[in-house]
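Text of work.csv, listed as CSV, C-alpha atoms:
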```csv
chain,number,residue,atom,x,y,z
A,1,MET,CA,-26.9,-10.4,8.9
A,2,GLN,CA,-24.2,-12.8,7.6
A,3,LYS,CA,-21.9,-11.2,5.0
A,4,PRO,CA,-20.8,-13.4,2.1
A,5,GLU,CA,-17.1,-13.4,1.4
A,6,LEU,CA,-16.3,-12.7,-2.2
A,7,ILE,CA,-12.9,-13.6,-3.7
A,8,CYS,CA,-11.8,-12.1,-7.0
A,9,PHE,CA,-9.3,-13.7,-9.4
A,10,ALA,CA,-7.9,-12.5,-12.7
A,11,ARG,CA,-5.5,-13.8,-15.3
A,12,ARG,CA,-4.7,-13.1,-18.9
A,13,VAL,CA,-4.4,-15.9,-21.4
A,14,ALA,CA,-2.3,-15.4,-24.5
A,15,PRO,CA,-3.3,-17.9,-27.2
A,16,ALA,CA,-0.9,-19.1,-29.9
A,17,LEU,CA,-2.8,-17.3,-32.7
A,18,ILE,CA,-4.4,-14.0,-33.4
A,19,SER,CA,-5.4,-12.1,-30.3
A,20,ALA,CA,-4.9,-12.0,-26.6
A,21,LEU,CA,-7.8,-13.4,-24.5
A,22,ALA,CA,-8.6,-12.3,-21.0
A,23,LEU,CA,-10.5,-14.1,-18.2
A,24,ALA,CA,-11.4,-13.1,-14.7
A,25,SER,CA,-13.8,-14.4,-12.0
A,26,CYS,CA,-15.2,-13.4,-8.6
A,27,ALA,CA,-16.2,-16.4,-6.6
A,28,PRO,CA,-17.9,-16.7,-3.2
A,29,GLU,CA,-15.5,-19.2,-1.7
A,30,GLY,CA,-11.7,-19.8,-1.4
A,31,ASP,CA,-8.9,-18.7,-3.6
A,32,ALA,CA,-9.4,-19.4,-7.3
A,33,VAL,CA,-6.4,-21.4,-8.6
A,34,ASP,CA,-5.8,-21.7,-12.3
A,35,GLU,CA,-4.9,-25.0,-14.0
A,36,GLY,CA,-1.2,-24.3,-13.7
A,37,GLY,CA,-1.6,-24.1,-9.9
A,38,GLU,CA,-0.9,-20.4,-9.8
A,39,VAL,CA,-3.1,-18.3,-7.5
A,40,GLY,CA,-4.3,-15.2,-9.3
A,41,GLU,CA,-4.6,-11.7,-7.9
A,42,ALA,CA,-7.2,-12.1,-5.1
A,43,THR,CA,-9.1,-9.4,-3.4
A,44,SER,CA,-11.6,-10.0,-0.5
A,45,LEU,CA,-14.8,-8.0,-0.5
A,46,ALA,CA,-17.3,-8.0,2.3
A,47,ALA,CA,-20.7,-7.6,0.6
A,48,GLU,CA,-23.8,-7.0,2.5
A,49,ALA,CA,-26.8,-8.9,1.3
A,50,GLY,CA,-29.2,-6.0,1.9
A,51,ALA,CA,-31.1,-4.5,-1.0
A,52,ALA,CA,-30.8,-1.2,-2.7
A,53,VAL,CA,-34.3,-1.8,-4.2
A,54,ALA,CA,-36.9,-4.3,-3.1
A,55,PRO,CA,-37.1,-7.3,-5.5
A,56,PRO,CA,-40.3,-8.1,-7.2
A,57,GLU,CA,-42.8,-10.4,-5.5
A,58,GLY,CA,-42.1,-14.0,-6.2
A,59,ASP,CA,-40.1,-14.7,-9.3
A,60,GLY,CA,-41.2,-11.5,-11.1
A,61,ALA,CA,-37.7,-10.8,-12.4
A,62,ILE,CA,-37.3,-14.3,-13.9
A,63,ALA,CA,-38.0,-13.8,-17.6
A,64,ALA,CA,-37.6,-15.5,-20.9
A,65,VAL,CA,-34.0,-16.1,-22.0
A,66,PRO,CA,-33.0,-13.5,-24.6
A,67,ALA,CA,-32.1,-14.6,-28.1
A,68,GLY,CA,-28.7,-14.2,-29.6
A,69,LEU,CA,-25.3,-14.7,-27.9
A,70,ALA,CA,-26.5,-14.2,-24.4
A,71,GLY,CA,-29.0,-17.0,-24.9
A,72,GLU,CA,-26.4,-19.3,-26.5
A,73,VAL,CA,-24.1,-18.8,-23.5
A,74,PHE,CA,-27.0,-19.5,-21.1
A,75,ASN,CA,-27.8,-22.8,-22.8
A,76,LEU,CA,-24.2,-23.8,-22.9
A,77,VAL,CA,-23.8,-23.1,-19.2
A,78,ASN,CA,-26.8,-25.2,-18.3
A,79,GLN,CA,-25.5,-28.0,-20.5
A,80,ALA,CA,-22.2,-27.8,-18.6
A,81,ARG,CA,-24.0,-27.9,-15.3
A,82,ALA,CA,-25.9,-31.0,-16.3
A,83,GLN,CA,-22.7,-33.1,-16.2
A,84,PRO,CA,-20.3,-33.9,-13.3
A,85,ARG,CA,-17.1,-31.9,-13.8
A,86,VAL,CA,-13.7,-31.3,-12.2
A,87,CYS,CA,-12.7,-27.7,-11.9
A,88,GLY,CA,-9.0,-27.5,-11.1
A,89,THR,CA,-8.7,-30.0,-8.2
A,90,GLN,CA,-12.4,-29.8,-7.0
A,91,SER,CA,-15.0,-32.2,-8.2
A,92,PHE,CA,-18.6,-31.1,-8.8
A,93,ALA,CA,-21.7,-33.2,-9.2
A,94,ALA,CA,-24.2,-32.2,-11.8
A,95,ALA,CA,-26.0,-29.1,-10.7
A,96,PRO,CA,-29.5,-27.8,-11.3
A,97,ALA,CA,-30.1,-25.6,-14.3
A,98,LEU,CA,-29.8,-21.9,-13.7
A,99,ARG,CA,-32.8,-19.5,-14.3
A,100,TRP,CA,-32.4,-16.3,-16.3
A,101,ASP,CA,-32.9,-13.2,-14.1
A,102,ASP,CA,-33.4,-9.8,-15.8
A,103,ARG,CA,-31.8,-7.9,-12.9
A,104,LEU,CA,-28.6,-10.0,-13.3
A,105,GLY,CA,-28.9,-9.7,-17.0
A,106,ARG,CA,-29.0,-5.9,-16.8
A,107,ALA,CA,-26.0,-5.8,-14.5
A,108,ALA,CA,-24.0,-8.1,-16.7
A,109,GLN,CA,-24.9,-6.2,-19.9
A,110,SER,CA,-24.1,-2.8,-18.5
A,111,HIS,CA,-20.7,-4.0,-17.4
A,112,SER,CA,-19.8,-5.6,-20.7
A,113,THR,CA,-20.9,-2.4,-22.5
A,114,ASP,CA,-18.9,-0.2,-20.0
A,115,MET,CA,-15.7,-2.3,-20.5
A,116,ALA,CA,-16.1,-2.2,-24.3
A,117,THR,CA,-16.9,1.6,-24.4
A,118,LYS,CA,-14.2,2.6,-21.9
A,119,ASN,CA,-11.6,0.0,-23.0
A,120,TYR,CA,-10.7,-1.7,-19.7
A,121,PHE,CA,-10.9,-5.2,-18.3
A,122,SER,CA,-11.8,-5.5,-14.7
A,123,HIS,CA,-14.5,-6.4,-12.2
A,124,THR,CA,-14.2,-2.9,-10.9
A,125,SER,CA,-15.4,-0.1,-13.2
A,126,PRO,CA,-13.3,3.1,-13.5
A,127,ASP,CA,-15.7,4.9,-11.2
A,128,GLY,CA,-15.0,2.4,-8.5
A,129,ARG,CA,-18.2,0.3,-8.7
A,130,THR,CA,-17.8,-3.5,-8.1
A,131,PHE,CA,-20.0,-6.3,-9.4
A,132,VAL,CA,-21.7,-6.2,-6.0
A,133,ASP,CA,-22.6,-2.5,-6.5
A,134,ARG,CA,-23.9,-3.2,-10.0
A,135,VAL,CA,-26.1,-6.1,-9.0
A,136,LYS,CA,-27.5,-4.4,-5.9
A,137,ALA,CA,-28.3,-1.3,-8.0
A,138,GLU,CA,-30.6,-3.5,-10.2
A,139,GLY,CA,-32.5,-4.6,-7.1
A,140,TYR,CA,-31.3,-8.2,-6.8
A,141,THR,CA,-30.9,-9.2,-3.1
A,142,PHE,CA,-28.6,-12.2,-2.6
A,143,SER,CA,-27.1,-14.6,-0.2
A,144,ALA,CA,-24.4,-15.6,-2.7
A,145,LEU,CA,-23.0,-13.8,-5.7
A,146,GLY,CA,-20.3,-14.4,-8.3
A,147,GLU,CA,-19.1,-13.0,-11.6
A,148,ASN,CA,-17.1,-14.2,-14.6
A,149,ILE,CA,-15.7,-11.9,-17.2
A,150,ALA,CA,-13.8,-12.6,-20.4
A,151,ALA,CA,-12.6,-10.7,-23.5
A,152,GLY,CA,-11.5,-11.5,-27.0
A,153,GLN,CA,-13.6,-14.7,-27.6
A,154,THR,CA,-15.8,-14.3,-30.6
A,155,THR,CA,-18.4,-17.0,-30.1
A,156,ALA,CA,-20.5,-18.3,-27.2
A,157,SER,CA,-18.8,-21.8,-27.4
A,158,GLN,CA,-15.3,-20.2,-27.3
A,159,VAL,CA,-16.0,-18.1,-24.2
A,160,VAL,CA,-17.8,-20.9,-22.3
A,161,ASN,CA,-15.0,-23.4,-23.1
A,162,ALA,CA,-12.4,-20.9,-21.9
A,163,TRP,CA,-14.3,-20.4,-18.6
A,164,LEU,CA,-14.7,-24.2,-18.1
A,165,LYS,CA,-10.9,-24.7,-18.6
A,166,SER,CA,-10.1,-22.2,-15.9
A,167,ALA,CA,-10.7,-23.5,-12.4
A,168,GLY,CA,-12.0,-20.3,-10.8
A,169,HIS,CA,-14.5,-19.6,-13.6
A,170,CYS,CA,-15.5,-23.3,-13.8
A,171,LYS,CA,-16.3,-23.3,-10.1
A,172,ASN,CA,-18.6,-20.3,-10.5
A,173,ILE,CA,-20.4,-22.1,-13.4
A,174,MET,CA,-20.7,-25.4,-11.5
A,175,ASN,CA,-21.5,-23.9,-8.0
A,176,PRO,CA,-24.7,-25.6,-6.9
A,177,ASN,CA,-25.6,-22.8,-4.6
A,178,PHE,CA,-26.2,-20.4,-7.5
A,179,ARG,CA,-29.8,-20.4,-8.8
A,180,ASP,CA,-29.9,-17.4,-11.2
A,181,ILE,CA,-27.7,-16.0,-14.0
A,182,GLY,CA,-27.5,-13.0,-16.2
A,183,ILE,CA,-25.2,-12.6,-19.2
A,184,GLY,CA,-23.9,-9.6,-21.1
A,185,HIS,CA,-21.9,-9.2,-24.4
A,186,ALA,CA,-20.6,-6.1,-26.1
A,187,THR,CA,-18.2,-5.2,-28.9
A,188,GLY,CA,-15.4,-2.6,-28.8
A,189,GLY,CA,-12.2,-1.8,-27.0
A,190,SER,CA,-8.8,-3.3,-27.5
A,191,PHE,CA,-10.1,-6.9,-27.1
A,192,GLY,CA,-12.9,-6.4,-29.5
A,193,VAL,CA,-15.5,-8.4,-27.5
A,194,TYR,CA,-16.3,-8.4,-23.8
A,195,TRP,CA,-18.4,-10.9,-21.8
A,196,THR,CA,-19.9,-10.9,-18.3
A,197,GLN,CA,-21.7,-13.5,-16.4
A,198,ASP,CA,-23.4,-12.6,-13.0
A,199,PHE,CA,-24.5,-15.5,-10.8
A,200,GLY,CA,-26.7,-15.2,-7.8
A,201,LYS,CA,-28.6,-17.0,-5.0
A,202,PRO,CA,-31.5,-14.8,-3.9
A,203,LEU,CA,-32.4,-14.3,-0.3
```
Take the structure in this file and express it as C-alpha coordinates.
Amino acid sequence: MQKPELICFARRVAPALISALALASCAPEGDAVDEGGEVGEATSLAAEAGAAVAPPEGDGAIAAVPAGLAGEVFNLVNQARAQPRVCGTQSFAAAPALRWDDRLGRAAQSHSTDMATKNYFSHTSPDGRTFVDRVKAEGYTFSALGENIAAGQTTASQVVNAWLKSAGHCKNIMNPNFRDIGIGHATGGSFGVYWTQDFGKPL
(Lines of atoms letter the chains of each structure in order from A and count residues from 1; the text may use other names and numbers.)
(Lines give C-alpha, C1' and ligand atoms only; values in the text may rest on other atoms or scores of the structure.)
Protein backbone atom coordinates (compact mmCIF):
# COMPACT_ATOMS: atom_id res chain seq x y z
CA MET A 1 0.00 0.00 0.00
CA GLN A 2 1.37 3.42 -0.94
CA LYS A 3 2.47 5.51 2.03
CA PRO A 4 1.82 9.25 1.88
CA GLU A 5 4.76 11.46 2.73
CA LEU A 6 4.00 14.06 5.37
CA ILE A 7 6.16 17.13 5.91
CA CYS A 8 5.88 19.21 9.07
CA PHE A 9 6.75 22.88 9.25
CA ALA A 10 6.69 25.26 12.20
CA ARG A 11 7.47 28.89 12.83
CA ARG A 12 6.61 31.50 15.44
CA VAL A 13 5.35 34.91 14.46
CA ALA A 14 5.88 37.84 16.83
CA PRO A 15 3.37 40.62 16.12
CA ALA A 16 4.10 44.25 16.86
CA LEU A 17 1.46 44.44 19.56
CA ILE A 18 0.24 42.47 22.56
CA SER A 19 1.03 38.74 22.36
CA ALA A 20 3.14 36.29 20.42
CA LEU A 21 1.34 34.19 17.87
CA ALA A 22 2.33 30.73 16.75
CA LEU A 23 1.68 28.85 13.55
CA ALA A 24 2.58 25.38 12.34
CA SER A 25 1.48 23.07 9.57
CA CYS A 26 1.96 19.53 8.35
CA ALA A 27 1.52 19.15 4.62
CA PRO A 28 1.53 16.11 2.34
CA GLU A 29 3.93 17.46 -0.24
CA GLY A 30 7.24 19.31 -0.38
CA ASP A 31 8.95 21.59 2.10
CA ALA A 32 6.73 24.38 3.35
CA VAL A 33 8.43 27.74 2.81
CA ASP A 34 7.29 30.85 4.60
CA GLU A 35 6.78 34.16 2.85
CA GLY A 36 10.29 35.31 3.76
CA GLY A 37 11.69 32.33 1.88
CA GLU A 38 12.95 30.57 4.99
CA VAL A 39 12.31 26.85 5.23
CA GLY A 40 10.91 25.94 8.63
CA GLU A 41 11.84 22.92 10.70
CA ALA A 42 10.73 19.96 8.60
CA THR A 43 10.26 16.38 9.70
CA SER A 44 9.32 13.59 7.33
CA LEU A 45 6.80 11.06 8.59
CA ALA A 46 5.84 7.89 6.75
CA ALA A 47 2.17 7.33 7.55
CA GLU A 48 0.38 4.14 6.67
CA ALA A 49 -3.09 4.69 5.33
CA GLY A 50 -4.46 1.63 7.15
CA ALA A 51 -7.23 2.05 9.69
CA ALA A 52 -7.21 1.61 13.43
CA VAL A 53 -11.02 1.42 13.31
CA ALA A 54 -13.19 0.76 10.26
CA PRO A 55 -14.92 3.95 9.05
CA PRO A 56 -18.71 4.13 8.90
CA GLU A 57 -20.48 2.98 5.75
CA GLY A 58 -20.70 5.73 3.15
CA ASP A 59 -20.48 9.23 4.55
CA GLY A 60 -21.78 8.33 8.00
CA ALA A 61 -19.18 10.51 9.72
CA ILE A 62 -20.03 13.55 7.62
CA ALA A 63 -22.15 15.65 9.93
CA ALA A 64 -23.61 19.09 10.39
CA VAL A 65 -21.03 21.82 10.89
CA PRO A 66 -20.87 22.79 14.58
CA ALA A 67 -21.88 26.23 15.74
CA GLY A 68 -19.41 28.66 17.29
CA LEU A 69 -15.78 29.35 16.39
CA ALA A 70 -15.17 25.99 14.70
CA GLY A 71 -18.10 26.66 12.39
CA GLU A 72 -16.84 30.16 11.66
CA VAL A 73 -13.39 28.83 10.72
CA PHE A 74 -15.03 26.16 8.54
CA ASN A 75 -17.01 28.78 6.61
CA LEU A 76 -13.99 31.08 6.21
CA VAL A 77 -11.84 28.22 4.92
CA ASN A 78 -14.43 27.29 2.29
CA GLN A 79 -14.77 30.95 1.31
CA ALA A 80 -10.97 31.05 0.83
CA ARG A 81 -11.03 27.86 -1.26
CA ALA A 82 -13.70 29.34 -3.53
CA GLN A 83 -11.17 31.84 -4.95
CA PRO A 84 -7.90 31.33 -6.84
CA ARG A 85 -4.97 32.08 -4.55
CA VAL A 86 -1.17 32.20 -4.47
CA CYS A 87 0.45 30.47 -1.49
CA GLY A 88 4.08 31.54 -1.34
CA THR A 89 5.22 30.93 -4.92
CA GLN A 90 2.59 28.31 -5.78
CA SER A 91 -0.66 29.23 -7.55
CA PHE A 92 -3.89 27.40 -6.76
CA ALA A 93 -7.13 27.40 -8.68
CA ALA A 94 -10.35 27.62 -6.74
CA ALA A 95 -10.94 24.30 -4.95
CA PRO A 96 -14.14 22.45 -4.03
CA ALA A 97 -15.64 23.15 -0.62
CA LEU A 98 -14.54 20.85 2.20
CA ARG A 99 -17.00 18.68 4.14
CA TRP A 100 -17.10 18.60 7.93
CA ASP A 101 -16.03 15.20 9.26
CA ASP A 102 -16.73 14.37 12.92
CA ARG A 103 -13.71 12.06 13.17
CA LEU A 104 -11.36 14.83 12.05
CA GLY A 105 -13.25 17.24 14.30
CA ARG A 106 -12.69 15.03 17.34
CA ALA A 107 -8.98 14.65 16.51
CA ALA A 108 -8.58 18.40 16.07
CA GLN A 109 -10.53 19.31 19.21
CA SER A 110 -8.65 16.82 21.37
CA HIS A 111 -5.33 18.23 20.21
CA SER A 112 -6.32 21.85 20.82
CA THR A 113 -7.55 20.91 24.29
CA ASP A 114 -4.37 18.96 25.01
CA MET A 115 -2.12 21.87 23.96
CA ALA A 116 -4.10 24.34 26.06
CA THR A 117 -4.24 22.05 29.11
CA LYS A 118 -0.59 20.96 29.01
CA ASN A 119 0.78 24.29 27.76
CA TYR A 120 2.72 23.24 24.66
CA PHE A 121 2.62 24.05 20.94
CA SER A 122 3.48 21.21 18.59
CA HIS A 123 2.02 18.67 16.19
CA THR A 124 3.44 16.00 18.49
CA SER A 125 1.83 15.62 21.90
CA PRO A 126 3.95 15.11 25.04
CA ASP A 127 3.18 11.37 24.97
CA GLY A 128 4.64 11.12 21.47
CA ARG A 129 1.40 10.91 19.45
CA THR A 130 1.40 12.65 16.07
CA PHE A 131 -1.54 14.05 14.15
CA VAL A 132 -1.49 10.82 12.13
CA ASP A 133 -1.94 8.81 15.35
CA ARG A 134 -4.77 11.05 16.54
CA VAL A 135 -6.68 10.90 13.26
CA LYS A 136 -6.28 7.14 12.90
CA ALA A 137 -7.44 6.63 16.49
CA GLU A 138 -10.73 8.31 15.54
CA GLY A 139 -11.23 5.80 12.72
CA TYR A 140 -10.53 8.04 9.71
CA THR A 141 -8.78 6.12 6.92
CA PHE A 142 -6.95 8.36 4.49
CA SER A 143 -4.86 8.61 1.36
CA ALA A 144 -3.79 12.17 2.22
CA LEU A 145 -3.66 14.04 5.51
CA GLY A 146 -2.59 17.48 6.71
CA GLU A 147 -2.73 19.58 9.85
CA ASN A 148 -2.51 23.31 10.64
CA ILE A 149 -2.15 24.55 14.20
CA ALA A 150 -2.03 28.08 15.56
CA ALA A 151 -2.05 29.82 18.92
CA GLY A 152 -2.77 33.29 20.24
CA GLN A 153 -5.33 34.45 17.66
CA THR A 154 -8.60 35.35 19.37
CA THR A 155 -11.08 35.25 16.47
CA ALA A 156 -11.83 32.95 13.57
CA SER A 157 -10.94 35.63 11.02
CA GLN A 158 -7.60 36.32 12.71
CA VAL A 159 -6.52 32.70 12.65
CA VAL A 160 -7.67 32.01 9.08
CA ASN A 161 -5.97 35.20 7.85
CA ALA A 162 -2.76 34.19 9.63
CA TRP A 163 -2.84 30.74 8.03
CA LEU A 164 -3.53 32.21 4.58
CA LYS A 165 -0.55 34.58 4.88
CA SER A 166 1.82 31.68 5.58
CA ALA A 167 2.69 29.57 2.53
CA GLY A 168 2.69 26.16 4.20
CA HIS A 169 -0.63 26.69 5.96
CA CYS A 170 -2.19 28.27 2.89
CA LYS A 171 -1.20 25.24 0.79
CA ASN A 172 -3.02 22.93 3.19
CA ILE A 173 -6.13 25.12 3.02
CA MET A 174 -6.07 25.31 -0.80
CA ASN A 175 -4.99 21.71 -1.48
CA PRO A 176 -7.60 20.38 -3.95
CA ASN A 177 -6.88 16.78 -2.90
CA PHE A 178 -8.37 17.32 0.55
CA ARG A 179 -12.09 16.63 0.83
CA ASP A 180 -12.76 16.69 4.57
CA ILE A 181 -11.89 18.91 7.52
CA GLY A 182 -12.26 19.02 11.29
CA ILE A 183 -11.45 22.03 13.49
CA GLY A 184 -10.69 22.40 17.17
CA HIS A 185 -10.40 25.43 19.47
CA ALA A 186 -9.48 25.61 23.15
CA THR A 187 -8.47 28.25 25.67
CA GLY A 188 -5.66 28.08 28.23
CA GLY A 189 -1.87 27.79 28.27
CA SER A 190 0.65 30.56 27.73
CA PHE A 191 -0.82 31.59 24.35
CA GLY A 192 -4.37 31.75 25.70
CA VAL A 193 -6.01 30.21 22.61
CA TYR A 194 -5.07 27.11 20.58
CA TRP A 195 -6.43 26.13 17.16
CA THR A 196 -6.16 22.92 15.11
CA GLN A 197 -7.30 22.07 11.59
CA ASP A 198 -7.10 18.47 10.36
CA PHE A 199 -7.55 17.88 6.63
CA GLY A 200 -8.09 14.54 4.95
CA LYS A 201 -8.79 12.67 1.76
CA PRO A 202 -10.53 9.40 2.59
CA LEU A 203 -9.62 6.09 1.02
**Study point:** Closest of A:Asp198, A:Cys87, A:Ser190, A:Leu203 to Lys118 of chain A - atom-to-atom distances counting only C-alpha atoms
**Key:** A:Ser190
Check your understanding: Using only C-alpha atoms, which of A:Gly152, A:Gly128, A:Gly168, A:Gly182 sits nearest Asn75 of chain A?
Key -> A:Gly182
Revision key, fill the gap. Of A:Phe191, A:Lys201, A:Lys136, A:Ala156, the one sitting nearest Ala116 of chain A when using all atoms listed in the file is A:Phe191
Review point. Neighbours of Gly192 of chain A within 12 Å (all atoms listed in the file; same-chain residues fewer than 4 positions away dropped), as number ranges by chain?
Key: A: 19-22, 112-113, 115-121, 150-155, 185-188
Review point. Of the candidates A:Asp180, A:Asp114, A:Cys170, A:Gly139, which one gets nearest to Asp127 of chain A if we count all atoms listed in the file?
Key: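 Closest residue, counting all atoms listed in the file: A:Asp114.
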Review point. Phe178 of chain A: which residues within 9 Å, counting all atoms listed in the file, same-chain residues fewer than 2 positions away excluded, as a PyMOL selection string?
Key: chain A and resi 96+98+144-146+172-176+180-181+199-202
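Remark: for Asn177 of chain A, the closest of the candidate residues A:Arg134, A:Ala70, A:Phe142, A:Gln83 is A:Phe142 (distances computed over all atoms listed in the file).
The two atoms in question, atom CA of Asn78 of chain A and atom CA of Ser125 of chain A, are spaced 28.0 Å apart.
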